[in-house]
Amino acid sequence: MDTRFILLGLKTYGMKCLEKPIELQFYNKTIDSGVFNKPFIKSIYGTNGEGKSAIAHTLNLYKNSCISANYLYGESYIGSFKEIVNKNKQKILVDLYFASIDKENGPTIFHHIVEYILKDKDLYIDHEVLYMCGKESWGYSDKETKVYETKGGEIIFLHRYINKYKDEIIRDSRNMLNRNSASLPFVYFSFKRTGEEDDGVLSFYYACLQVLLFAYSINVFLDNSDIHQVTLAKAMSYSDKLKDNIDEAISTSRFVFDKEVDEVDANKIDQYRKEINKVASFIKIFKPELETIDIEESVNRGTIMCKKVLVYKNGSSVSIEYESSGVKKLFRLYPYLNSIDSGGISFIDEFDSNIHDVYLCKLVEYFLNYTSGQLIFTTHNLGPMELLSEYKLKHAIDFINDGEITSWTRNGNYSVVNLYRGGAIKNCPFNIDAADFVKVFGE
């Protein structure tokens, strides 16, 4: 892939327990020349109910509302949007910086702000702004050029290089700007005119397209089978040709294996079979006794229903529905980990759930040494904390507690694990004692 994306910084509030704004930094304020081939890893620690999963849900909301024209309609998220928005805020802010890095021409930095507001049980986009920030640094407002701005479903600003088309853009995006990111209809508008060789249209198309490609490159693993992901095939209802262009730009696999029976389009079944073979190779690392994974196929109205059966060297076979929770977790994790290997961005919530500490650390170490993607994960496991501290990476370990983010900065020979266990990390006091449980369990 000749283009990759990096999430540089995120400011957010309003999702679930995140009432106060929090800010996470994933990369230095200045972009260096070798950024294309570097891995980026961040682990997020915190006690239960402090907002780790809320960050994952926030990015999932951002991703899907950018690439889908229908995502914010109705109760497509978790039963009802009313249940996930902070009761006191009644709105969600996503304020992020990302870099689009071309292998030949280097990075271009963007600043994207989306504010969602809750009305009854539905979310609407109340305010959105996109800026271009140049190529070298981010986080400095005086170096940002505004591309567009919307408020209450109306366009209130377009850059001068596209403003002459304002009436046509308004017509093409009518009744859409409070239901999905403006970049979606704006890309469609400018895509229709890219053949006219208008530099203004081409610049507008490029900027808006980067938002879609960035959002599409984000993969959010939520450890909850009820969460559904919106795929680009379902999201891009405007133009098959435009969708093909985006599919070509983002070359990672889009198969997911989170069901006992996968539904596969007939024209993609060969690709699916190849992907299953790769999954088998992945699981063999953890279960060397595995021989292969068979697929029991049946046709249902043009869709092939694929049931996965694990075949072992001793001749036994086990359907995925009867496998251990750990094996099921590996199936679900595979496409997210594979995306990182291809230069994508994956946010994995509860990475340590059902995975042994030794295996977890080896996976993290692999992404540190052999990939160029971005891995962000939440965990309670201290193994990755110790590993990442040994690599002396900036912005690799964050702690969230009481609505604040504390980033670990190496301090002499102090062990981050020992400081964390001892309650010496700012805002992360473990102020309980073993004797406290006597009140509950003791006599």
# chains A, B, ... in the order shown; residues from 1 in each chain; ligands from 1
$ residues_around --residues "segment 365-377 of chain A" --least-positions-apart "5" --cutoff "7 Å" --atoms "only C-alpha atoms" --output "PyMOL selection string"
chain A and resi 6+37-44+340-349+351
$ select_by_dssp --residues "segment 113-199 of chain A" --states "strand (DSSP E)" --output "ChimeraX atom specification"
/A:113-119,122-132,145-151,154-158
$ write_last_selection --atoms "N, CA and C atoms" --output "short mmCIF file (atom, residue, chain, number, x, y, z; two decimals), in the first residue's frame"
data_model
loop_
_atom_site.label_atom_id
_atom_site.label_comp_id
_atom_site.auth_asym_id
_atom_site.auth_seq_id
_atom_site.Cartn_x
_atom_site.Cartn_y
_atom_site.Cartn_z
N ILE A 113 -12.88 17.97 13.10
CA ILE A 113 -13.70 18.14 14.29
C ILE A 113 -15.14 17.79 13.94
N VAL A 114 -15.72 16.87 14.71
CA VAL A 114 -17.12 16.51 14.53
C VAL A 114 -17.80 16.55 15.90
N GLU A 115 -18.89 17.30 15.99
CA GLU A 115 -19.67 17.36 17.22
C GLU A 115 -21.05 16.75 16.97
N TYR A 116 -21.39 15.76 17.77
CA TYR A 116 -22.67 15.07 17.67
C TYR A 116 -23.58 15.54 18.81
N ILE A 117 -24.86 15.68 18.51
CA ILE A 117 -25.81 16.09 19.54
C ILE A 117 -26.93 15.06 19.61
N LEU A 118 -27.40 14.76 20.82
CA LEU A 118 -28.46 13.78 21.03
C LEU A 118 -29.81 14.47 21.04
N LYS A 119 -30.71 14.01 20.18
CA LYS A 119 -32.10 14.46 20.18
C LYS A 119 -32.99 13.23 20.27
N ASP A 122 -31.74 9.64 18.96
CA ASP A 122 -30.87 9.64 17.79
C ASP A 122 -29.77 10.68 17.91
N LEU A 123 -28.65 10.39 17.25
CA LEU A 123 -27.54 11.34 17.18
C LEU A 123 -27.56 12.06 15.84
N TYR A 124 -27.23 13.34 15.88
CA TYR A 124 -27.09 14.16 14.68
C TYR A 124 -25.74 14.86 14.74
N ILE A 125 -25.17 15.13 13.58
CA ILE A 125 -23.96 15.93 13.53
C ILE A 125 -24.36 17.39 13.59
N ASP A 126 -24.00 18.04 14.67
CA ASP A 126 -24.38 19.44 14.88
C ASP A 126 -23.37 20.40 14.30
N HIS A 127 -22.09 20.01 14.29
CA HIS A 127 -21.03 20.92 13.83
C HIS A 127 -19.87 20.09 13.31
N GLU A 128 -19.29 20.50 12.20
CA GLU A 128 -18.15 19.79 11.62
C GLU A 128 -17.22 20.77 10.92
N VAL A 129 -15.92 20.58 11.12
CA VAL A 129 -14.91 21.42 10.46
C VAL A 129 -13.76 20.53 10.01
N LEU A 130 -13.25 20.79 8.81
CA LEU A 130 -12.06 20.11 8.32
C LEU A 130 -11.00 21.15 7.98
N TYR A 131 -9.77 20.92 8.48
CA TYR A 131 -8.63 21.79 8.18
C TYR A 131 -7.52 20.95 7.55
N MET A 132 -6.73 21.60 6.69
CA MET A 132 -5.45 21.03 6.25
C MET A 132 -4.35 21.76 7.01
N THR A 145 -5.46 25.51 7.49
CA THR A 145 -6.30 26.13 6.47
C THR A 145 -7.66 25.42 6.45
N LYS A 146 -8.71 26.18 6.66
CA LYS A 146 -10.04 25.58 6.71
C LYS A 146 -10.50 25.17 5.32
N VAL A 147 -11.00 23.94 5.21
CA VAL A 147 -11.50 23.41 3.94
C VAL A 147 -13.01 23.60 3.86
N TYR A 148 -13.73 23.20 4.92
CA TYR A 148 -15.18 23.41 4.97
C TYR A 148 -15.63 23.44 6.42
N GLU A 149 -16.84 23.95 6.62
CA GLU A 149 -17.46 23.95 7.95
C GLU A 149 -18.97 23.87 7.78
N THR A 150 -19.60 23.03 8.60
CA THR A 150 -21.06 22.92 8.59
C THR A 150 -21.59 23.14 10.00
N LYS A 151 -22.81 23.61 10.09
CA LYS A 151 -23.45 23.83 11.38
C LYS A 151 -24.95 23.58 11.24
N GLU A 154 -26.21 22.74 7.76
CA GLU A 154 -26.04 23.73 6.69
C GLU A 154 -24.56 24.03 6.48
N ILE A 155 -24.19 24.32 5.23
CA ILE A 155 -22.82 24.72 4.92
C ILE A 155 -22.64 26.19 5.30
N ILE A 156 -21.66 26.45 6.17
CA ILE A 156 -21.40 27.85 6.54
C ILE A 156 -20.04 28.34 6.05
N PHE A 157 -19.22 27.41 5.51
CA PHE A 157 -17.93 27.84 4.94
C PHE A 157 -17.45 26.81 3.93
N LEU A 158 -16.97 27.30 2.79
CA LEU A 158 -16.23 26.51 1.81
C LEU A 158 -15.00 27.30 1.41
#
$ residues_around --residues "Phe5 of chain A" --least-positions-apart "4" --cutoff "10 Å" --atoms "only C-alpha atoms" --output "PyMOL selection string"
chain A and resi 36+98-102+107-109+210+213-215+217-218+343-345+373-374
$ write_last_selection --atoms "all heavy atoms" --output "short mmCIF file (atom, residue, chain, number, x, y, z; two decimals), in the first residue's frame"
data_model
loop_
_atom_site.label_atom_id
_atom_site.label_comp_id
_atom_site.auth_asym_id
_atom_site.auth_seq_id
_atom_site.Cartn_x
_atom_site.Cartn_y
_atom_site.Cartn_z
N PHE A 36 6.81 6.76 7.46
CA PHE A 36 6.01 5.82 6.68
C PHE A 36 6.21 4.38 7.17
O PHE A 36 5.27 3.59 7.21
CB PHE A 36 6.35 5.92 5.20
CG PHE A 36 5.45 5.10 4.31
CD1 PHE A 36 4.26 5.64 3.82
CD2 PHE A 36 5.75 3.79 3.98
CE1 PHE A 36 3.41 4.89 3.02
CE2 PHE A 36 4.90 3.04 3.18
CZ PHE A 36 3.73 3.59 2.70
N PHE A 98 -4.98 13.70 12.02
CA PHE A 98 -4.44 12.50 11.39
C PHE A 98 -3.52 12.89 10.25
O PHE A 98 -3.61 13.99 9.70
CB PHE A 98 -5.55 11.56 10.90
CG PHE A 98 -6.34 12.05 9.72
CD1 PHE A 98 -5.93 11.76 8.42
CD2 PHE A 98 -7.50 12.78 9.90
CE1 PHE A 98 -6.67 12.19 7.32
CE2 PHE A 98 -8.24 13.22 8.81
CZ PHE A 98 -7.83 12.92 7.51
N ALA A 99 -2.61 11.98 9.92
CA ALA A 99 -1.68 12.20 8.81
C ALA A 99 -1.96 11.19 7.71
O ALA A 99 -2.13 10.00 7.98
CB ALA A 99 -0.24 12.07 9.28
N SER A 100 -2.05 11.68 6.49
CA SER A 100 -2.10 10.84 5.31
C SER A 100 -0.69 10.84 4.72
O SER A 100 -0.17 11.89 4.34
CB SER A 100 -3.11 11.40 4.30
OG SER A 100 -2.99 10.75 3.06
N ILE A 101 -0.05 9.67 4.68
CA ILE A 101 1.36 9.61 4.31
C ILE A 101 1.52 8.86 3.00
O ILE A 101 1.24 7.67 2.91
CB ILE A 101 2.19 8.92 5.41
CG1 ILE A 101 1.93 9.61 6.75
CG2 ILE A 101 3.67 8.96 5.07
CD1 ILE A 101 2.49 8.87 7.93
N ASP A 102 1.93 9.58 1.99
CA ASP A 102 2.22 9.00 0.68
C ASP A 102 3.68 8.54 0.66
O ASP A 102 4.57 9.26 1.11
CB ASP A 102 1.98 10.02 -0.43
CG ASP A 102 2.21 9.44 -1.81
OD1 ASP A 102 1.26 8.90 -2.39
OD2 ASP A 102 3.35 9.55 -2.30
N PRO A 107 4.03 13.12 4.23
CA PRO A 107 2.75 13.28 4.92
C PRO A 107 2.00 14.56 4.57
O PRO A 107 2.60 15.57 4.21
CB PRO A 107 3.17 13.30 6.39
CG PRO A 107 4.53 13.93 6.37
CD PRO A 107 5.16 13.48 5.08
N THR A 108 0.68 14.51 4.68
CA THR A 108 -0.19 15.68 4.72
C THR A 108 -1.06 15.52 5.96
O THR A 108 -1.63 14.46 6.18
CB THR A 108 -1.07 15.79 3.47
OG1 THR A 108 -0.23 15.82 2.31
CG2 THR A 108 -1.91 17.06 3.52
N ILE A 109 -1.14 16.58 6.76
CA ILE A 109 -1.81 16.50 8.06
C ILE A 109 -3.17 17.19 7.99
O ILE A 109 -3.31 18.26 7.39
CB ILE A 109 -0.94 17.14 9.15
CG1 ILE A 109 0.43 16.45 9.19
CG2 ILE A 109 -1.61 17.03 10.52
CD1 ILE A 109 1.45 17.18 10.01
N GLN A 210 -9.42 12.06 1.78
CA GLN A 210 -8.53 11.59 2.84
C GLN A 210 -9.30 11.29 4.12
O GLN A 210 -8.95 10.38 4.88
CB GLN A 210 -7.43 12.62 3.12
CG GLN A 210 -6.52 12.92 1.95
CD GLN A 210 -6.06 11.67 1.21
OE1 GLN A 210 -5.39 10.82 1.78
NE2 GLN A 210 -6.44 11.56 -0.05
N LEU A 213 -10.83 7.83 3.52
CA LEU A 213 -9.81 6.79 3.54
C LEU A 213 -9.27 6.58 4.95
O LEU A 213 -9.04 5.44 5.38
CB LEU A 213 -8.66 7.15 2.59
CG LEU A 213 -9.00 7.16 1.10
CD1 LEU A 213 -7.80 7.62 0.28
CD2 LEU A 213 -9.46 5.79 0.63
N PHE A 214 -9.08 7.68 5.68
CA PHE A 214 -8.63 7.56 7.07
C PHE A 214 -9.66 6.82 7.91
O PHE A 214 -9.32 5.88 8.65
CB PHE A 214 -8.37 8.95 7.65
CG PHE A 214 -8.20 8.97 9.15
CD1 PHE A 214 -7.11 8.37 9.74
CD2 PHE A 214 -9.14 9.58 9.96
CE1 PHE A 214 -6.96 8.36 11.13
CE2 PHE A 214 -9.01 9.59 11.33
CZ PHE A 214 -7.91 8.98 11.92
N ALA A 215 -10.92 7.23 7.79
CA ALA A 215 -11.98 6.57 8.57
C ALA A 215 -12.07 5.10 8.20
O ALA A 215 -12.25 4.23 9.07
CB ALA A 215 -13.31 7.27 8.34
N SER A 217 -9.70 3.22 7.18
CA SER A 217 -8.51 2.49 7.62
C SER A 217 -8.56 2.17 9.12
O SER A 217 -7.76 1.37 9.60
CB SER A 217 -7.25 3.29 7.31
OG SER A 217 -7.13 4.42 8.15
N ILE A 218 -9.50 2.80 9.86
CA ILE A 218 -9.64 2.53 11.28
C ILE A 218 -10.47 1.25 11.47
O ILE A 218 -11.54 1.11 10.90
CB ILE A 218 -10.35 3.70 12.00
CG1 ILE A 218 -9.53 4.99 11.87
CG2 ILE A 218 -10.57 3.37 13.47
CD1 ILE A 218 -10.27 6.21 12.38
N GLY A 343 -0.37 -1.92 7.41
CA GLY A 343 -0.23 -0.47 7.56
C GLY A 343 -1.48 0.23 8.02
O GLY A 343 -1.56 1.46 7.98
N GLY A 344 -2.49 -0.51 8.48
CA GLY A 344 -3.73 0.10 8.93
C GLY A 344 -3.69 0.49 10.40
O GLY A 344 -2.68 0.38 11.09
N ILE A 345 -4.85 0.96 10.90
CA ILE A 345 -5.00 1.39 12.29
C ILE A 345 -6.03 0.47 12.95
O ILE A 345 -7.14 0.33 12.45
CB ILE A 345 -5.50 2.84 12.36
CG1 ILE A 345 -4.57 3.80 11.61
CG2 ILE A 345 -5.66 3.29 13.82
CD1 ILE A 345 -5.15 5.18 11.41
N GLY A 373 2.15 -0.54 11.00
CA GLY A 373 0.80 -0.06 11.25
C GLY A 373 0.69 0.59 12.62
O GLY A 373 1.68 0.80 13.32
N GLN A 374 -0.55 0.91 13.01
CA GLN A 374 -0.80 1.56 14.30
C GLN A 374 -1.72 0.68 15.13
O GLN A 374 -2.84 0.37 14.74
CB GLN A 374 -1.42 2.94 14.10
CG GLN A 374 -1.58 3.72 15.39
CD GLN A 374 -1.97 5.17 15.16
OE1 GLN A 374 -2.45 5.54 14.07
NE2 GLN A 374 -1.76 6.02 16.15
#
$ select_by_dssp --residues "segment 90-318 of chain A" --states "helix (DSSP H, G or I)" --output "count of residues only"
81
$ residues_around --residues "Ser353 of chain A" --least-positions-apart "2" --cutoff "10 Å" --atoms "only C-alpha atoms" --output "PDB file with N, CA and C atoms, in the first residue's frame"
ATOM      1  N   ASP A 223     -15.181  -5.774  22.253  1.00  0.00           N
ATOM      2  CA  ASP A 223     -15.358  -7.134  22.754  1.00  0.00           C
ATOM      3  C   ASP A 223     -16.810  -7.358  23.141  1.00  0.00           C
ATOM      4  N   SER A 325     -13.383 -20.142  24.237  1.00  0.00           N
ATOM      5  CA  SER A 325     -13.540 -18.692  24.056  1.00  0.00           C
ATOM      6  C   SER A 325     -12.251 -18.063  23.559  1.00  0.00           C
ATOM      7  N   GLY A 326     -11.102 -18.655  23.930  1.00  0.00           N
ATOM      8  CA  GLY A 326      -9.820 -18.132  23.463  1.00  0.00           C
ATOM      9  C   GLY A 326      -9.654 -18.279  21.960  1.00  0.00           C
ATOM     10  N   LYS A 329     -11.869 -15.893  20.198  1.00  0.00           N
ATOM     11  CA  LYS A 329     -11.298 -14.546  20.258  1.00  0.00           C
ATOM     12  C   LYS A 329     -10.217 -14.370  19.187  1.00  0.00           C
ATOM     13  N   ASP A 349     -10.171  -3.163  21.970  1.00  0.00           N
ATOM     14  CA  ASP A 349     -10.625  -3.012  23.345  1.00  0.00           C
ATOM     15  C   ASP A 349     -10.500  -4.345  24.076  1.00  0.00           C
ATOM     16  N   GLU A 350      -9.978  -4.290  25.310  1.00  0.00           N
ATOM     17  CA  GLU A 350      -9.791  -5.498  26.130  1.00  0.00           C
ATOM     18  C   GLU A 350      -8.942  -6.530  25.379  1.00  0.00           C
ATOM     19  N   PHE A 351      -7.765  -6.107  24.930  1.00  0.00           N
ATOM     20  CA  PHE A 351      -6.884  -6.965  24.142  1.00  0.00           C
ATOM     21  C   PHE A 351      -6.530  -8.242  24.900  1.00  0.00           C
ATOM     22  N   ILE A 355      -6.725 -14.126  26.313  1.00  0.00           N
ATOM     23  CA  ILE A 355      -5.415 -14.381  25.712  1.00  0.00           C
ATOM     24  C   ILE A 355      -4.370 -14.455  26.820  1.00  0.00           C
ATOM     25  N   HIS A 356      -3.559 -15.496  26.808  1.00  0.00           N
ATOM     26  CA  HIS A 356      -2.532 -15.683  27.822  1.00  0.00           C
ATOM     27  C   HIS A 356      -1.520 -14.531  27.767  1.00  0.00           C
ATOM     28  N   ASP A 357      -1.011 -14.182  28.931  1.00  0.00           N
ATOM     29  CA  ASP A 357      -0.074 -13.068  29.053  1.00  0.00           C
ATOM     30  C   ASP A 357       1.139 -13.222  28.136  1.00  0.00           C
ATOM     31  N   LEU A 360       0.105 -12.640  24.548  1.00  0.00           N
ATOM     32  CA  LEU A 360      -0.218 -11.228  24.354  1.00  0.00           C
ATOM     33  C   LEU A 360       1.046 -10.402  24.149  1.00  0.00           C
ATOM     34  N   THR A 379      -6.165  -2.526  28.067  1.00  0.00           N
ATOM     35  CA  THR A 379      -5.856  -3.781  28.731  1.00  0.00           C
ATOM     36  C   THR A 379      -5.707  -3.543  30.231  1.00  0.00           C
ATOM     37  N   HIS A 380      -5.841  -4.617  30.998  1.00  0.00           N
ATOM     38  CA  HIS A 380      -5.499  -4.589  32.416  1.00  0.00           C
ATOM     39  C   HIS A 380      -4.187  -5.340  32.654  1.00  0.00           C
ATOM     40  N   ASN A 381      -3.698  -6.047  31.638  1.00  0.00           N
ATOM     41  CA  ASN A 381      -2.524  -6.888  31.767  1.00  0.00           C
ATOM     42  C   ASN A 381      -1.257  -6.034  31.824  1.00  0.00           C
TER      43      ASN A 381
END
$ closest_residue --among "A:Glu321, A:Ile304, A:Ile400, A:Ser389" --to "Val417 of chain A" --atoms "only C-alpha atoms"
A:Ser389
$ closest_residue --among "A:Tyr13, A:Phe399, A:Phe331, A:Tyr71" --to "Met176 of chain A" --atoms "only C-alpha atoms"
A:Tyr71
$ residues_around --residues "Glu386 of chain A" --least-positions-apart "5" --cutoff "12 Å" --atoms "only C-alpha atoms" --output "short mmCIF file (atom, residue, chain, number, x, y, z; two decimals) with N, CA, C and O atoms, in the first residue's frame"
data_model
loop_
_atom_site.label_atom_id
_atom_site.label_comp_id
_atom_site.auth_asym_id
_atom_site.auth_seq_id
_atom_site.Cartn_x
_atom_site.Cartn_y
_atom_site.Cartn_z
N SER A 43 -0.81 1.71 24.51
CA SER A 43 -1.62 0.92 25.44
C SER A 43 -2.30 1.88 26.40
O SER A 43 -1.71 2.87 26.83
N ASP A 357 -1.01 -14.18 28.93
CA ASP A 357 -0.07 -13.07 29.05
C ASP A 357 1.14 -13.22 28.14
O ASP A 357 1.57 -12.27 27.48
N CYS A 361 2.04 -10.62 24.99
CA CYS A 361 3.28 -9.86 24.88
C CYS A 361 4.03 -10.17 23.58
O CYS A 361 4.63 -9.27 22.97
N VAL A 364 2.36 -8.19 20.82
CA VAL A 364 2.75 -6.78 20.88
C VAL A 364 4.18 -6.61 20.37
O VAL A 364 4.49 -5.68 19.62
N GLU A 365 5.05 -7.52 20.77
CA GLU A 365 6.45 -7.44 20.33
C GLU A 365 6.56 -7.60 18.81
O GLU A 365 7.39 -6.94 18.17
N ASN A 381 -3.70 -6.05 31.64
CA ASN A 381 -2.52 -6.89 31.77
C ASN A 381 -1.26 -6.03 31.82
O ASN A 381 -1.05 -5.16 30.97
N TYR A 391 11.15 -0.68 25.56
CA TYR A 391 11.46 -0.13 24.24
C TYR A 391 11.61 1.39 24.25
O TYR A 391 11.97 1.99 23.25
N LYS A 392 11.29 2.02 25.37
CA LYS A 392 11.50 3.47 25.56
C LYS A 392 10.78 4.29 24.49
O LYS A 392 11.32 5.27 23.96
N LEU A 393 9.55 3.90 24.16
CA LEU A 393 8.78 4.61 23.15
C LEU A 393 7.99 5.75 23.77
O LEU A 393 7.39 5.60 24.83
N ALA A 396 3.54 5.72 24.33
CA ALA A 396 3.16 4.31 24.20
C ALA A 396 2.32 3.80 25.36
O ALA A 396 1.66 2.77 25.22
N ILE A 397 2.35 4.49 26.51
CA ILE A 397 1.61 4.02 27.68
C ILE A 397 0.83 5.19 28.27
O ILE A 397 1.41 6.21 28.65
N TRP A 408 2.88 8.03 30.41
CA TRP A 408 4.11 7.60 31.08
C TRP A 408 5.32 8.20 30.37
O TRP A 408 5.46 8.11 29.15
N ARG A 410 9.52 8.14 30.83
CA ARG A 410 10.58 7.42 31.54
C ARG A 410 11.26 8.34 32.55
O ARG A 410 11.60 9.48 32.25
N TYR A 414 13.22 3.99 37.43
CA TYR A 414 11.96 3.58 38.05
C TYR A 414 11.18 2.67 37.10
O TYR A 414 11.10 2.92 35.90
N SER A 415 10.61 1.63 37.66
CA SER A 415 9.79 0.70 36.88
C SER A 415 8.36 1.21 36.82
O SER A 415 7.75 1.45 37.86
N VAL A 416 7.84 1.37 35.61
CA VAL A 416 6.47 1.85 35.47
C VAL A 416 5.48 0.86 36.07
O VAL A 416 4.46 1.25 36.66
N VAL A 417 5.80 -0.45 35.98
CA VAL A 417 4.90 -1.46 36.54
C VAL A 417 4.84 -1.34 38.06
O VAL A 417 3.75 -1.35 38.66
N ASN A 418 6.00 -1.18 38.69
CA ASN A 418 6.02 -1.07 40.15
C ASN A 418 5.34 0.21 40.62
O ASN A 418 4.63 0.21 41.63
N LEU A 419 5.55 1.30 39.88
CA LEU A 419 4.91 2.55 40.25
C LEU A 419 3.39 2.44 40.11
O LEU A 419 2.63 2.94 40.95
N TYR A 420 2.95 1.79 39.06
CA TYR A 420 1.51 1.62 38.84
C TYR A 420 0.89 0.75 39.92
O TYR A 420 -0.15 1.10 40.49
N ARG A 421 1.53 -0.37 40.21
CA ARG A 421 1.03 -1.26 41.26
C ARG A 421 0.99 -0.56 42.61
O ARG A 421 0.09 -0.79 43.43
#
$ decode --residues "segment 271-278 of chain A" --atoms "all heavy atoms" --output "PDB file, in the first residue's frame"
ATOM      1  N   GLN A 271     -11.460 -15.634  -2.375  1.00  0.00           N
ATOM      2  CA  GLN A 271     -10.673 -14.778  -1.489  1.00  0.00           C
ATOM      3  C   GLN A 271     -10.905 -15.170  -0.025  1.00  0.00           C
ATOM      4  O   GLN A 271      -9.971 -15.192   0.784  1.00  0.00           O
ATOM      5  CB  GLN A 271     -11.042 -13.313  -1.706  1.00  0.00           C
ATOM      6  CG  GLN A 271     -10.205 -12.332  -0.904  1.00  0.00           C
ATOM      7  CD  GLN A 271     -10.654 -10.896  -1.119  1.00  0.00           C
ATOM      8  OE1 GLN A 271     -11.508 -10.625  -1.959  1.00  0.00           O
ATOM      9  NE2 GLN A 271     -10.079  -9.989  -0.357  1.00  0.00           N
ATOM     10  N   TYR A 272     -12.136 -15.512   0.302  1.00  0.00           N
ATOM     11  CA  TYR A 272     -12.465 -15.931   1.660  1.00  0.00           C
ATOM     12  C   TYR A 272     -11.711 -17.205   2.038  1.00  0.00           C
ATOM     13  O   TYR A 272     -11.165 -17.327   3.136  1.00  0.00           O
ATOM     14  CB  TYR A 272     -13.978 -16.147   1.784  1.00  0.00           C
ATOM     15  CG  TYR A 272     -14.425 -16.693   3.117  1.00  0.00           C
ATOM     16  CD1 TYR A 272     -14.637 -15.846   4.206  1.00  0.00           C
ATOM     17  CD2 TYR A 272     -14.630 -18.068   3.291  1.00  0.00           C
ATOM     18  CE1 TYR A 272     -15.044 -16.368   5.434  1.00  0.00           C
ATOM     19  CE2 TYR A 272     -15.039 -18.581   4.509  1.00  0.00           C
ATOM     20  CZ  TYR A 272     -15.244 -17.724   5.578  1.00  0.00           C
ATOM     21  OH  TYR A 272     -15.632 -18.237   6.792  1.00  0.00           O
ATOM     22  N   ARG A 273     -11.671 -18.172   1.108  1.00  0.00           N
ATOM     23  CA  ARG A 273     -10.975 -19.439   1.378  1.00  0.00           C
ATOM     24  C   ARG A 273      -9.485 -19.195   1.645  1.00  0.00           C
ATOM     25  O   ARG A 273      -8.894 -19.811   2.538  1.00  0.00           O
ATOM     26  CB  ARG A 273     -11.157 -20.387   0.202  1.00  0.00           C
ATOM     27  CG  ARG A 273     -12.581 -20.909   0.029  1.00  0.00           C
ATOM     28  CD  ARG A 273     -12.742 -21.572  -1.319  1.00  0.00           C
ATOM     29  NE  ARG A 273     -14.106 -22.052  -1.548  1.00  0.00           N
ATOM     30  CZ  ARG A 273     -14.635 -22.205  -2.741  1.00  0.00           C
ATOM     31  NH1 ARG A 273     -13.915 -21.930  -3.843  1.00  0.00           N
ATOM     32  NH2 ARG A 273     -15.885 -22.632  -2.880  1.00  0.00           N
ATOM     33  N   LYS A 274      -8.888 -18.298   0.854  1.00  0.00           N
ATOM     34  CA  LYS A 274      -7.471 -17.973   1.077  1.00  0.00           C
ATOM     35  C   LYS A 274      -7.258 -17.331   2.443  1.00  0.00           C
ATOM     36  O   LYS A 274      -6.268 -17.600   3.124  1.00  0.00           O
ATOM     37  CB  LYS A 274      -6.964 -17.042  -0.032  1.00  0.00           C
ATOM     38  CG  LYS A 274      -6.872 -17.684  -1.406  1.00  0.00           C
ATOM     39  CD  LYS A 274      -6.422 -16.676  -2.450  1.00  0.00           C
ATOM     40  CE  LYS A 274      -6.361 -17.304  -3.837  1.00  0.00           C
ATOM     41  NZ  LYS A 274      -5.972 -16.308  -4.878  1.00  0.00           N
ATOM     42  N   GLU A 275      -8.211 -16.490   2.818  1.00  0.00           N
ATOM     43  CA  GLU A 275      -8.098 -15.819   4.107  1.00  0.00           C
ATOM     44  C   GLU A 275      -8.227 -16.812   5.258  1.00  0.00           C
ATOM     45  O   GLU A 275      -7.533 -16.702   6.269  1.00  0.00           O
ATOM     46  CB  GLU A 275      -9.159 -14.724   4.221  1.00  0.00           C
ATOM     47  CG  GLU A 275      -8.815 -13.603   5.181  1.00  0.00           C
ATOM     48  CD  GLU A 275      -7.667 -12.741   4.693  1.00  0.00           C
ATOM     49  OE1 GLU A 275      -7.331 -12.776   3.490  1.00  0.00           O
ATOM     50  OE2 GLU A 275      -7.089 -12.036   5.531  1.00  0.00           O
ATOM     51  N   ILE A 276      -9.103 -17.793   5.102  1.00  0.00           N
ATOM     52  CA  ILE A 276      -9.256 -18.824   6.130  1.00  0.00           C
ATOM     53  C   ILE A 276      -7.963 -19.614   6.290  1.00  0.00           C
ATOM     54  O   ILE A 276      -7.569 -19.995   7.413  1.00  0.00           O
ATOM     55  CB  ILE A 276     -10.442 -19.763   5.797  1.00  0.00           C
ATOM     56  CG1 ILE A 276     -11.766 -19.051   6.090  1.00  0.00           C
ATOM     57  CG2 ILE A 276     -10.350 -21.059   6.585  1.00  0.00           C
ATOM     58  CD1 ILE A 276     -12.031 -18.793   7.557  1.00  0.00           C
ATOM     59  N   ASN A 277      -7.263 -19.864   5.196  1.00  0.00           N
ATOM     60  CA  ASN A 277      -5.971 -20.567   5.283  1.00  0.00           C
ATOM     61  C   ASN A 277      -4.963 -19.746   6.091  1.00  0.00           C
ATOM     62  O   ASN A 277      -4.166 -20.301   6.862  1.00  0.00           O
ATOM     63  CB  ASN A 277      -5.421 -20.857   3.887  1.00  0.00           C
ATOM     64  CG  ASN A 277      -6.190 -21.955   3.168  1.00  0.00           C
ATOM     65  OD1 ASN A 277      -6.788 -22.817   3.813  1.00  0.00           O
ATOM     66  ND2 ASN A 277      -6.175 -21.930   1.848  1.00  0.00           N
ATOM     67  N   LYS A 278      -5.000 -18.419   5.929  1.00  0.00           N
ATOM     68  CA  LYS A 278      -4.116 -17.560   6.712  1.00  0.00           C
ATOM     69  C   LYS A 278      -4.512 -17.565   8.182  1.00  0.00           C
ATOM     70  O   LYS A 278      -3.657 -17.550   9.074  1.00  0.00           O
ATOM     71  CB  LYS A 278      -4.138 -16.140   6.149  1.00  0.00           C
ATOM     72  CG  LYS A 278      -3.497 -15.996   4.780  1.00  0.00           C
ATOM     73  CD  LYS A 278      -3.547 -14.568   4.279  1.00  0.00           C
ATOM     74  CE  LYS A 278      -2.701 -13.649   5.129  1.00  0.00           C
ATOM     75  NZ  LYS A 278      -2.685 -12.258   4.586  1.00  0.00           N
TER      76      LYS A 278
END
